[in-house]
>>> print(open('coords18.cif').read())   # mmCIF, C-alpha atoms and all ligand atoms
data_entry
loop_
_atom_site.label_atom_id
_atom_site.label_comp_id
_atom_site.auth_asym_id
_atom_site.auth_seq_id
_atom_site.Cartn_x
_atom_site.Cartn_y
_atom_site.Cartn_z
CA MET A 10 124.82 106.53 108.63
CA ASP A 11 124.01 102.85 108.02
CA ARG A 12 120.29 102.54 107.43
CA THR A 13 120.43 98.92 106.32
CA ARG A 14 121.64 97.04 109.41
CA GLY A 15 121.08 96.62 113.12
CA PHE A 16 118.11 96.25 115.45
CA LEU A 17 116.11 98.62 117.58
CA HIS A 18 115.62 96.00 120.31
CA ALA A 19 118.39 93.47 119.67
CA GLU A 20 117.46 91.49 122.79
CA VAL A 21 114.00 90.87 121.31
CA GLU A 22 114.45 90.92 117.52
CA ALA A 23 117.59 88.77 117.35
CA ARG A 24 116.37 86.19 119.84
CA ASP A 25 115.85 82.62 118.68
CA TRP A 26 112.28 82.27 117.34
CA GLU A 27 111.38 79.26 119.47
CA GLU A 28 112.49 81.22 122.51
CA GLN A 29 110.33 84.17 121.43
CA ARG A 30 107.39 81.76 121.08
CA SER A 31 107.81 80.34 124.57
CA LEU A 32 107.96 83.88 125.99
CA GLN A 33 104.76 84.64 124.08
CA ALA A 34 103.14 81.53 125.59
CA ALA A 35 104.04 82.69 129.10
CA ARG A 36 102.65 86.15 128.31
CA LEU A 37 99.49 84.58 126.88
CA ARG A 38 98.85 82.70 130.15
CA GLU A 39 99.13 85.96 132.12
CA VAL A 40 96.85 87.82 129.74
CA LEU A 41 94.28 84.99 129.77
CA ALA A 42 94.29 84.86 133.57
CA LEU A 43 93.67 88.61 133.78
CA GLY A 44 91.04 88.44 131.06
CA GLU A 45 89.28 85.48 132.68
CA ALA A 46 88.92 87.51 135.88
CA GLN A 47 88.20 90.96 134.44
CA ALA A 48 86.99 90.77 130.84
CA PRO A 49 83.58 89.05 130.45
CA ALA A 50 84.14 88.30 126.73
CA VAL A 51 87.40 86.47 127.48
CA ALA A 52 85.74 84.50 130.28
CA ALA A 53 82.91 83.56 127.88
CA LEU A 54 85.31 82.40 125.16
CA LEU A 55 87.19 80.22 127.64
CA ARG A 56 83.95 78.80 129.05
CA GLY A 57 82.70 78.04 125.56
CA ALA A 58 85.89 76.09 124.83
CA GLY A 59 85.61 74.23 128.15
CA ALA A 60 88.98 75.63 129.20
CA ARG A 61 90.59 77.68 131.96
CA ALA A 62 93.43 80.18 131.52
CA GLY A 63 95.81 77.75 133.22
CA ASP A 64 95.20 75.14 130.49
CA PHE A 65 97.17 77.07 127.86
CA HIS A 66 100.69 75.70 127.99
CA SER A 67 101.89 76.40 124.46
CA LEU A 68 100.80 78.56 121.54
CA GLU A 69 99.35 75.47 119.85
CA ASP A 70 96.72 75.41 122.62
CA LEU A 71 95.31 78.66 121.21
CA GLY A 72 93.63 76.51 118.54
CA ARG A 73 91.15 75.42 121.27
CA LEU A 74 89.54 78.87 121.06
CA PRO A 75 87.30 79.81 118.13
CA VAL A 76 88.24 82.55 115.66
CA THR A 77 86.24 85.73 116.31
CA PRO A 78 85.67 87.40 112.91
CA LYS A 79 85.77 91.19 112.85
CA ALA A 80 82.05 91.20 112.02
CA ARG A 81 81.40 89.27 115.27
CA LEU A 82 83.44 91.83 117.22
CA VAL A 83 81.21 94.55 115.77
CA GLU A 84 78.13 92.65 117.03
CA LEU A 85 79.66 92.04 120.45
CA GLN A 86 80.45 95.73 120.81
CA ARG A 87 76.87 96.58 119.91
CA GLU A 88 75.53 94.06 122.45
CA HIS A 89 77.99 94.98 125.20
CA PRO A 90 79.10 98.57 124.65
CA PRO A 91 81.57 100.02 124.33
CA PHE A 92 84.23 97.31 123.86
CA GLY A 93 82.26 94.07 123.60
CA GLY A 94 83.40 92.82 127.00
CA PHE A 95 87.08 92.69 126.06
CA LEU A 96 88.23 95.60 128.20
CA ALA A 97 90.08 94.20 131.23
CA VAL A 98 90.77 97.51 133.01
CA PRO A 99 88.39 100.18 134.44
CA LEU A 100 87.11 102.66 131.84
CA ALA A 101 88.91 105.47 133.71
CA GLN A 102 92.22 103.95 132.58
CA VAL A 103 91.39 104.38 128.89
CA ARG A 104 93.21 107.33 127.35
CA ARG A 105 91.75 107.41 123.83
CA ILE A 106 88.97 105.62 121.99
CA PHE A 107 89.39 105.15 118.25
CA ARG A 108 86.68 104.25 115.83
CA SER A 109 87.63 102.11 112.84
CA PRO A 110 85.37 101.03 109.98
CA GLY A 111 82.96 98.30 111.06
CA PRO A 112 82.50 100.21 113.30
CA ILE A 113 84.95 98.81 115.83
CA LEU A 114 85.95 100.80 118.91
CA ASP A 115 89.55 100.42 120.04
CA PRO A 116 90.68 101.61 123.45
CA GLN A 117 94.18 102.93 123.97
CA THR A 118 95.54 102.73 127.49
CA PRO A 119 98.65 104.59 128.67
CA GLY A 120 101.84 102.57 128.41
CA GLU A 121 100.48 100.36 125.64
CA GLY A 122 101.91 101.30 122.28
CA TRP A 123 101.33 99.79 118.85
CA GLY A 124 104.92 98.67 118.32
CA TRP A 125 105.62 100.25 114.91
CA GLU A 126 109.02 101.63 115.98
CA GLU A 127 110.74 98.27 115.37
CA GLY A 128 109.42 98.26 111.82
CA LEU A 129 110.44 101.88 111.24
CA PHE A 130 113.99 101.13 112.37
CA ALA A 131 114.13 98.04 110.13
CA ALA A 132 112.93 100.25 107.27
CA GLY A 133 115.92 102.58 107.74
CA PHE A 134 114.52 105.31 110.02
CA ARG A 135 117.12 106.57 112.50
CA PRO A 136 116.99 108.95 115.50
CA GLY A 137 117.12 112.53 114.29
CA ASP A 138 115.29 111.90 111.03
CA VAL A 139 112.80 114.71 110.51
CA CYS A 140 109.59 113.06 109.28
CA VAL A 141 106.17 113.77 107.89
CA ASN A 142 103.37 111.56 109.15
CA THR A 143 100.67 111.57 106.50
CA PHE A 144 98.42 108.98 108.15
CA GLY A 145 95.06 110.37 109.24
CA TYR A 146 94.70 111.58 112.82
CA GLN A 147 90.90 111.52 112.92
CA MET A 148 88.82 108.68 114.31
CA THR A 149 91.16 105.83 113.30
CA PRO A 150 94.40 105.20 115.17
CA ALA A 151 96.79 105.20 112.18
CA GLY A 152 98.04 108.77 112.64
CA MET A 153 98.55 108.41 116.38
CA MET A 154 100.20 104.99 115.95
CA PHE A 155 103.00 106.38 113.81
CA ASP A 156 103.15 109.62 115.76
CA GLU A 157 104.02 107.66 118.91
CA ALA A 158 106.38 105.26 117.11
CA LEU A 159 108.38 108.12 115.54
CA GLY A 160 108.49 109.81 118.93
CA ALA A 161 109.79 106.63 120.57
CA LEU A 162 112.48 106.43 117.92
CA GLY A 163 113.65 110.01 118.39
CA CYS A 164 112.33 111.33 115.10
CA PRO A 165 110.76 114.82 115.12
CA LEU A 166 107.69 114.83 112.93
CA VAL A 167 105.17 117.08 111.26
CA PRO A 168 101.66 115.65 111.79
CA THR A 169 100.48 116.55 108.30
CA GLY A 170 97.79 113.91 107.84
CA VAL A 171 96.64 113.69 104.24
CA GLY A 172 96.99 117.42 103.63
CA ASP A 173 97.09 118.93 100.17
CA ARG A 174 100.09 118.02 98.06
CA ASP A 175 101.47 121.52 97.63
CA THR A 176 101.73 121.97 101.39
CA GLN A 177 103.37 118.54 101.72
CA ILE A 178 105.93 119.56 99.09
CA GLU A 179 106.67 122.82 100.88
CA ILE A 180 107.18 121.01 104.20
CA LEU A 181 109.32 118.25 102.66
CA ARG A 182 111.61 120.85 101.13
CA SER A 183 111.80 123.52 103.83
CA LEU A 184 112.52 121.07 106.66
CA GLY A 185 114.80 118.78 104.67
CA VAL A 186 112.51 115.88 105.61
CA THR A 187 114.26 112.46 105.50
CA GLY A 188 111.46 110.15 106.65
CA TYR A 189 107.89 109.60 105.36
CA THR A 190 105.12 107.53 106.91
CA GLY A 191 101.90 107.05 104.99
CA MET A 192 100.53 105.36 101.91
CA ALA A 193 103.02 104.76 99.12
CA SER A 194 100.38 105.78 96.58
CA PHE A 195 100.09 109.21 98.27
CA LEU A 196 103.88 109.66 98.20
CA LEU A 197 103.77 108.89 94.49
CA GLN A 198 101.11 111.61 94.05
CA ILE A 199 103.29 114.09 95.95
CA GLY A 200 106.23 113.25 93.68
CA GLU A 201 104.08 113.62 90.56
CA ARG A 202 102.85 117.01 91.72
CA ALA A 203 106.45 118.08 92.43
CA ARG A 204 107.42 117.13 88.89
CA GLU A 205 104.54 119.25 87.55
CA GLN A 206 106.16 122.14 89.42
CA GLY A 207 109.45 121.47 87.63
CA LEU A 208 111.07 119.81 90.63
CA ASP A 209 113.06 116.57 90.64
CA PRO A 210 112.11 114.68 93.83
CA ALA A 211 115.41 112.76 93.89
CA ARG A 212 117.43 116.00 93.68
CA ASP A 213 115.24 118.61 95.36
CA PHE A 214 114.09 116.53 98.35
CA HIS A 215 116.17 114.71 100.98
CA LEU A 216 113.94 111.72 101.55
CA LYS A 217 115.81 108.57 102.64
CA ALA A 218 113.21 106.20 104.07
CA ALA A 219 109.48 105.71 103.62
CA PHE A 220 107.24 103.35 105.56
CA THR A 221 103.86 102.31 104.28
CA THR A 222 100.97 100.11 105.33
CA ALA A 223 97.19 99.83 104.94
CA GLU A 224 97.31 99.08 101.22
CA PRO A 225 98.95 96.42 99.05
CA LEU A 226 102.40 97.45 97.79
CA PRO A 227 102.96 95.98 94.33
CA ASP A 228 106.56 95.98 93.07
CA SER A 229 105.61 98.45 90.34
CA LEU A 230 104.44 101.05 92.90
CA ARG A 231 107.42 100.48 95.19
CA ASN A 232 109.90 100.75 92.32
CA SER A 233 108.31 103.94 90.97
CA VAL A 234 108.47 105.68 94.36
CA GLU A 235 111.99 104.46 95.18
CA GLU A 236 113.26 105.64 91.82
CA MET A 237 111.40 108.93 91.95
CA PHE A 238 112.77 109.95 95.38
CA GLY A 239 115.99 107.94 95.56
CA ALA A 240 114.70 106.55 98.88
CA THR A 241 113.88 103.09 100.22
CA VAL A 242 110.24 102.13 100.65
CA ARG A 243 109.37 99.40 103.15
CA GLN A 244 106.00 98.14 104.34
CA GLY A 245 104.41 96.73 107.43
CA PHE A 246 101.24 94.83 108.20
CA GLY A 247 98.96 95.58 111.11
CA THR A 248 95.40 96.27 112.15
CA ALA A 249 93.69 99.16 113.90
CA GLU A 250 92.99 96.97 116.94
CA CYS A 251 96.39 95.33 117.21
CA GLY A 252 99.00 97.70 115.78
CA CYS A 253 102.15 96.33 114.18
CA LEU A 254 102.09 92.61 113.41
CA ALA A 255 104.85 92.26 110.81
CA TYR A 256 107.32 94.42 108.92
CA GLU A 257 109.89 94.25 106.16
CA CYS A 258 113.60 94.54 106.80
CA HIS A 259 116.13 95.91 104.33
CA GLU A 260 116.25 92.51 102.57
CA ARG A 261 112.52 92.48 101.67
CA GLY A 262 111.08 89.09 100.66
CA GLY A 263 108.22 89.16 103.18
CA MET A 264 107.52 90.77 106.54
CA HIS A 265 109.12 89.50 109.76
CA LEU A 266 106.52 88.70 112.42
CA ALA A 267 106.68 91.04 115.42
CA SER A 268 106.73 89.21 118.74
CA ARG A 269 104.34 91.63 120.48
CA ALA A 270 101.27 89.74 119.20
CA ILE A 271 100.58 86.16 118.14
CA VAL A 272 99.92 85.81 114.43
CA GLU A 273 98.44 82.54 113.18
CA ILE A 274 97.41 81.46 109.70
CA ALA A 275 94.16 79.57 110.05
CA ASP A 276 91.82 77.59 107.84
CA PRO A 277 89.14 80.16 106.87
CA GLU A 278 86.34 77.63 107.46
CA SER A 279 87.35 75.62 110.51
CA GLY A 280 89.70 78.10 112.22
CA ARG A 281 92.26 75.31 112.56
CA PRO A 282 95.86 76.67 112.58
CA LEU A 283 97.71 75.89 109.35
CA GLY A 284 101.36 75.00 108.83
CA PRO A 285 104.27 76.93 107.30
CA GLY A 286 103.66 77.99 103.70
CA GLU A 287 99.92 77.22 103.75
CA ILE A 288 97.60 80.04 102.69
CA GLY A 289 94.84 80.96 105.11
CA GLU A 290 93.29 83.73 107.19
CA ILE A 291 95.52 85.95 109.33
CA VAL A 292 94.30 85.47 112.90
CA VAL A 293 95.69 87.67 115.65
CA THR A 294 95.87 87.40 119.42
CA LEU A 295 96.79 90.66 121.10
CA LEU A 296 99.00 90.13 124.16
CA SER A 297 97.54 93.17 125.88
CA PRO A 298 96.52 92.96 129.55
CA ALA A 299 94.10 95.88 128.98
CA PHE A 300 92.37 94.74 125.77
CA PRO A 301 93.08 91.04 125.26
CA LEU A 302 91.59 90.22 121.86
CA LEU A 303 91.79 86.48 121.28
CA ARG A 304 92.08 84.94 117.80
CA LEU A 305 90.62 87.94 115.97
CA GLY A 306 89.95 86.97 112.34
CA THR A 307 91.22 89.76 110.11
CA GLY A 308 89.55 88.46 106.95
CA ASP A 309 92.89 88.89 105.16
CA LEU A 310 94.70 86.01 103.52
CA SER A 311 98.41 85.31 103.75
CA ALA A 312 100.96 82.62 104.60
CA VAL A 313 103.93 82.49 106.95
CA ASP A 314 107.25 81.18 105.65
CA PRO A 315 110.23 80.21 107.79
CA VAL A 316 113.32 82.03 106.44
CA ALA A 317 117.00 82.47 107.11
CA CYS A 318 117.18 86.23 106.52
CA ALA A 319 120.49 88.03 106.01
CA CYS A 320 119.33 90.79 108.41
CA GLY A 321 119.71 88.40 111.36
CA ARG A 322 116.09 88.38 112.50
CA PRO A 323 115.03 84.77 113.07
CA ALA A 324 111.30 85.59 112.98
CA PRO A 325 109.49 83.93 110.05
CA LYS A 326 108.00 86.14 107.38
CA LEU A 327 104.42 86.94 106.52
CA ARG A 328 104.12 86.70 102.76
CA GLY A 329 102.14 89.88 102.28
CA TRP A 330 98.51 90.42 101.48
CA LEU A 331 97.05 87.63 99.33
CA GLY A 332 93.45 88.80 99.21
CA ARG A 333 90.29 88.71 101.30
CA CYS A 334 88.68 85.59 102.72
CA ASP A 335 85.27 86.58 101.37
CA GLN A 336 86.66 86.30 97.83
CA LEU A 337 87.56 82.65 98.41
CA VAL A 338 85.60 80.06 96.54
CA LYS A 339 85.81 76.40 97.45
CA VAL A 340 86.10 74.23 94.37
CA LYS A 341 86.53 70.45 94.52
CA GLY A 342 87.25 70.82 98.24
CA MET A 343 90.10 73.29 97.67
CA PHE A 344 90.14 77.03 98.34
CA LEU A 345 90.47 79.01 95.14
CA HIS A 346 91.34 82.71 95.19
CA PRO A 347 90.93 85.14 92.28
CA GLY A 348 94.57 86.20 92.75
CA ALA A 349 95.79 82.66 92.14
CA VAL A 350 93.85 82.43 88.86
CA GLN A 351 95.16 85.83 87.74
CA ALA A 352 98.74 84.85 88.61
CA ALA A 353 98.45 81.64 86.58
CA MET A 354 96.95 83.40 83.55
CA ARG A 355 99.65 86.09 83.57
CA ALA A 356 101.87 83.55 81.79
CA PHE A 357 99.69 83.90 78.68
CA PRO A 358 99.85 87.40 77.23
CA GLU A 359 98.08 85.98 74.13
CA VAL A 360 94.89 85.81 76.21
CA ALA A 361 93.18 89.18 76.07
CA ARG A 362 90.49 88.48 78.67
CA PHE A 363 89.43 85.53 80.79
CA ARG A 364 87.02 84.46 83.48
CA ALA A 365 86.94 81.34 85.65
CA VAL A 366 83.48 79.82 85.89
CA VAL A 367 82.48 77.26 88.50
CA THR A 368 79.52 75.00 87.70
CA ARG A 369 78.14 71.81 89.16
CA GLU A 370 77.57 68.89 86.81
CA GLU A 371 76.34 65.49 87.96
CA GLY A 372 77.14 66.35 91.55
CA ARG A 373 80.71 67.41 90.85
CA ASP A 374 82.39 70.84 90.72
CA VAL A 375 83.65 71.85 87.29
CA LEU A 376 86.10 74.71 86.83
CA THR A 377 86.31 76.21 83.36
CA VAL A 378 88.38 79.19 82.31
CA GLN A 379 86.69 81.04 79.46
CA ALA A 380 89.29 82.86 77.43
CA GLU A 381 89.43 85.35 74.57
CA ALA A 382 92.45 85.28 72.29
CA GLN A 383 93.38 86.79 68.91
CA ALA A 384 94.53 83.44 67.60
CA PRO A 385 93.03 80.67 69.72
CA ASP A 386 94.59 77.29 69.00
CA GLU A 387 94.64 73.81 70.46
CA GLY A 388 98.30 73.92 71.56
CA LEU A 389 97.75 77.10 73.59
CA ARG A 390 94.59 75.67 75.13
CA VAL A 391 96.47 72.58 76.34
CA ARG A 392 99.31 74.72 77.75
CA ILE A 393 96.80 76.83 79.67
CA GLU A 394 95.10 73.75 81.15
CA THR A 395 98.45 72.31 82.22
CA ARG A 396 99.49 75.59 83.84
CA LEU A 397 96.16 75.94 85.67
CA ARG A 398 96.41 72.41 87.08
CA GLU A 399 99.98 73.07 88.31
CA ALA A 400 99.23 76.50 89.77
CA LEU A 401 95.83 75.83 91.33
CA GLY A 402 96.25 72.21 92.38
CA ILE A 403 92.93 71.30 90.73
CA GLY A 404 91.97 70.35 87.21
CA ALA A 405 90.49 73.15 85.10
CA GLY A 406 89.29 73.23 81.50
CA CYS A 407 89.95 76.07 79.10
CA ARG A 408 87.31 77.06 76.56
CA TRP A 409 87.68 79.72 73.85
CA VAL A 410 84.96 82.33 73.65
CA PRO A 411 84.55 85.02 70.95
CA GLY A 412 86.45 88.29 71.35
CA ASP A 413 84.73 90.98 73.47
CA SER A 414 82.12 88.52 74.75
CA LEU A 415 83.27 88.51 78.40
CA PRO A 416 81.95 91.38 80.53
CA ALA A 417 84.64 93.86 81.62
CA ASP A 418 83.42 94.00 85.24
CA GLY A 419 86.66 92.91 86.91
CA LYS A 420 85.13 89.65 88.12
CA VAL A 421 87.68 86.83 87.97
CA ILE A 422 85.69 83.89 89.36
CA ASP A 423 82.01 83.46 88.57
CA ASP A 424 80.39 80.87 90.83
CA LEU A 425 77.29 79.59 89.02
CA ARG A 426 76.61 76.63 91.30
CA LYS A 427 73.11 76.29 92.71
CA TRP A 428 72.82 74.63 96.08
CA ASP A 429 69.03 74.44 96.54
ZN ZN B 501 115.22 90.24 107.52
#
>>> encode(input="coords18.cif", output="structure tokens")
Amino acid sequence: MDRTRGFLHAEVEARDWEEQRSLQAARLREVLALGEAQAPAVAALLRGAGARAGDFHSLEDLGRLPVTPKARLVELQREHPPFGGFLAVPLAQVRRIFRSPGPILDPQTPGEGWGWEEGLFAAGFRPGDVCVNTFGYQMTPAGMMFDEALGALGCPLVPTGVGDRDTQIEILRSLGVTGYTGMASFLLQIGERAREQGLDPARDFHLKAAFTTAEPLPDSLRNSVEEMFGATVRQGFGTAECGCLAYECHERGGMHLASRAIVEIADPESGRPLGPGEIGEIVVTLLSPAFPLLRLGTGDLSAVDPVACACGRPAPKLRGWLGRCDQLVKVKGMFLHPGAVQAAMRAFPEVARFRAVVTREEGRDVLTVQAEAQAPDEGLRVRIETRLREALGIGAGCRWVPGDSLPADGKVIDDLRKWD
């Protein structure tokens, strides 16, 4: 069985990306027209932008609408229960109501899935794979999302949820389970427990493919799990409200955008759509006639890169999770993220601990990286400053501080500017 090639929906996944975008634009017009007539929140957003549904000719026109942050959706749902005015069908047509942290209520209507089956296929799942679905089935939609996707793919599954590890091990072994959906970190814990029992997960289990989402997947975690089980681990990106938005193929190197929703990368302050390769907030428009969320701000940071992928999918790739918008600090007019500072400083193992401090001197922002090193010297200091300027795109000073003087509180950027 070839788990590395092919498409679940070739007519969609292999289609030219520009063509996919123009189909999305046509779908957007339909959804906006329905929303304008039947969903008060959509009508209000359009009115606020001085636009009508018929004015949206291309996806670029979406930029006319403001970004609705998740926190605003929470408020709207409180003001206009239960769905904040976004429901465009009668309540009797809602099948399930999920409650995600926020809290945000998400309606599920029959016939509207979350689209994870494409990602599962790309990750190597094939019809007939017996699976365990370890995503939770209570309150949040994660469990049901993958339950339905595995069903659509023809994969029998055990709805385990996050049950205890010994039971998971027993099920994995007795059913010869080949597919796993859930957090990669939980699969690692299952494997560790199996080893405690004297088992070798690569030999004593039959796992071939694992699909994970809802947490960052660093290479170290992926490699450990793949090696432990002799299986491939692939990830997807989605939200409770929108379902699958992007997923990895066999080739890795980012997650192909799914065409079922419109994913934009937007400037976290202005909401303006950004270009390829630029880092910004992931903003999602759900092309659902029943629950048409428009430009929902996820609060997560990423970038979208155009790629020529060997798998044959022309869809550009989402770079993966690059942090949260609320961790962004604007320094000298540029967004600075803790992850970018950490990545730059990783080149200097001589530095035991560091912290970036932002101050304001004579009306100008000053970025200084305080660093502790065993043998601080001038040459190293200059190399660090050069690297920071290259990596961050802004000038930063490096200043040595005595060993063990920086607090070990995990804070990477300390913003000491006073604005009063
Ligand atoms: Zn690919």
>>> residues_near_ligand(input="coords18.cif", ligand="ligand ZN 501 (chain B)", cutoff="7 Å", atoms="all atoms listed in the file", output="mmCIF file with C-alpha atoms, in the coordinates of the input")
data_model
loop_
_atom_site.group_PDB
_atom_site.id
_atom_site.type_symbol
_atom_site.label_atom_id
_atom_site.label_comp_id
_atom_site.auth_asym_id
_atom_site.auth_seq_id
_atom_site.Cartn_x
_atom_site.Cartn_y
_atom_site.Cartn_z
ATOM 1 C CA GLU A 257 109.890 94.250 106.160
ATOM 2 C CA CYS A 258 113.600 94.540 106.800
ATOM 3 C CA HIS A 259 116.130 95.910 104.330
ATOM 4 C CA GLU A 260 116.250 92.510 102.570
ATOM 5 C CA ARG A 261 112.520 92.480 101.670
ATOM 6 C CA HIS A 265 109.120 89.500 109.760
ATOM 7 C CA CYS A 318 117.180 86.230 106.520
ATOM 8 C CA ALA A 319 120.490 88.030 106.010
ATOM 9 C CA CYS A 320 119.330 90.790 108.410
ATOM 10 C CA GLY A 321 119.710 88.400 111.360
ATOM 11 C CA ARG A 322 116.090 88.380 112.500
#
>>> closest_residue(input="coords18.cif", among="A:Glu278, A:Glu20, A:Glu126, A:Glu250", to="Pro301 in chain A", atoms="all atoms listed in the file")
A:Glu250
>>> residues_around(input="coords18.cif", residues="Gln102 in chain A", least_positions_apart="6", cutoff="9 Å", atoms="all atoms listed in the file", output="ChimeraX atom specification")
/A:117-119
>>> atom_distance(input="coords18.cif", atom1="CA of Ala211 in chain A", atom2="CA of Phe16 in chain A")
27.3 Å
>>> atom_distance(input="coords18.cif", atom1="CA of Ala317 in chain A", atom2="CA of Leu37 in chain A")
26.5 Å
>>> residues_around(input="coords18.cif", residues="range 215-225 of chain A", least_positions_apart="2", cutoff="8 Å", atoms="all atoms listed in the file", output="ChimeraX atom specification")
/A:129,132-134,181-182,185-193,211-213,227,238-247,329-330
>>> atom_distance(input="coords18.cif", atom1="CA of Val141 in chain A", atom2="CA of Cys164 in chain A")
9.8 Å
>>> residues_near_point(input="coords18.cif", point="(88.1, 83.6, 122.9)", cutoff="6 Å", atoms="all atoms listed in the file", output="PyMOL selection string")
chain A and resi 51+54-55+74+303
>>> write_last_selection(input="coords18.cif", atoms="C-alpha atoms", output="short mmCIF file (atom, residue, chain, number, x, y, z; two decimals), in the coordinates of the input")
data_model
loop_
_atom_site.label_atom_id
_atom_site.label_comp_id
_atom_site.auth_asym_id
_atom_site.auth_seq_id
_atom_site.Cartn_x
_atom_site.Cartn_y
_atom_site.Cartn_z
CA VAL A 51 87.40 86.47 127.48
CA LEU A 54 85.31 82.40 125.16
CA LEU A 55 87.19 80.22 127.64
CA LEU A 74 89.54 78.87 121.06
CA LEU A 303 91.79 86.48 121.28
#
>>> closest_residue(input="coords18.cif", among="A:His66, A:Arg135, A:Arg56, A:Arg373", to="Leu162 in chain A", atoms="all atoms listed in the file")
A:Arg135
>>> residues_around(input="coords18.cif", residues="Ala42 in chain A", least_positions_apart="6", cutoff="9 Å", atoms="all atoms listed in the file", output="ChimeraX atom specification")
/A:61-63
>>> residues_around(input="coords18.cif", residues="Gly111 in chain A", least_positions_apart="6", cutoff="8 Å", atoms="all atoms listed in the file", output="NGL selection string")
:A and (79-80 or 83)
>>> write_last_selection(input="coords18.cif", atoms="C-alpha atoms", output="compact mmCIF listing (two decimals), keeping the file's coordinate frame")
# COMPACT_ATOMS: atom_id res chain seq x y z
CA LYS A 79 85.77 91.19 112.85
CA ALA A 80 82.05 91.20 112.02
CA VAL A 83 81.21 94.55 115.77
>>> closest_residue(input="coords18.cif", among="A:Ser268, A:Thr143, A:Ser109, A:Gln47", to="Ser31 in chain A", atoms="only C-alpha atoms")
A:Ser268
>>> closest_residue(input="coords18.cif", among="A:Lys427, A:His346, A:Arg269, A:Arg355", to="Arg369 in chain A", atoms="only C-alpha atoms")
A:Lys427
>>> closest_residue(input="coords18.cif", among="A:Leu159, A:Leu331, A:Leu376, A:Leu166", to="Asp309 in chain A", atoms="all atoms listed in the file")
A:Leu331
>>> residues_near_point(input="coords18.cif", point="(95.2, 74.4, 93.1)", cutoff="10 Å", atoms="all atoms listed in the file", output="PyMOL selection string")
chain A and resi 340-341+343-346+349-350+397-405
>>> residues_around(input="coords18.cif", residues="Gly263 in chain A", least_positions_apart="3", cutoff="6 Å", atoms="all atoms listed in the file", output="number ranges by chain")
A: 326-328
>>> closest_residue(input="coords18.cif", among="A:Pro277, A:Pro347, A:Pro49, A:Gly252", to="Thr149 in chain A", atoms="only C-alpha atoms")
A:Gly252
>>> axis_aligned_box(input="coords18.cif", around="range 409-425 of chain A", padding_each_side="3 Å", output="lines of an AutoDock Vina configuration file")
center_x = 82.5
center_y = 86.8
center_z = 80.9
size_x = 16.4
size_y = 20.4
size_z = 25.9
>>> decode(input="coords18.cif", residues="range 49-70 of chain A", atoms="C-alpha atoms", output="tab-separated table (two decimals), in the first residue's frame")
chain	number	residue	atom	x	y	z
A	49	PRO	CA	-27.64	39.89	11.30
A	50	ALA	CA	-23.92	39.93	12.21
A	51	VAL	CA	-22.90	39.50	8.55
A	52	ALA	CA	-25.33	42.24	7.48
A	53	ALA	CA	-23.85	44.54	10.17
A	54	LEU	CA	-20.26	43.87	9.07
A	55	LEU	CA	-21.14	44.64	5.45
A	56	ARG	CA	-23.03	47.80	6.45
A	57	GLY	CA	-20.10	48.94	8.57
A	58	ALA	CA	-17.78	48.56	5.58
A	59	GLY	CA	-20.24	50.41	3.32
A	60	ALA	CA	-20.49	47.35	1.10
A	61	ARG	CA	-23.05	44.92	-0.30
A	62	ALA	CA	-22.50	41.19	-0.89
A	63	GLY	CA	-22.44	41.83	-4.65
A	64	ASP	CA	-19.39	44.11	-4.29
A	65	PHE	CA	-17.01	41.23	-3.54
A	66	HIS	CA	-15.52	40.25	-6.87
A	67	SER	CA	-12.21	38.75	-5.78
A	68	LEU	CA	-10.66	37.49	-2.56
A	69	GLU	CA	-8.67	40.73	-2.31
A	70	ASP	CA	-11.99	42.51	-1.68
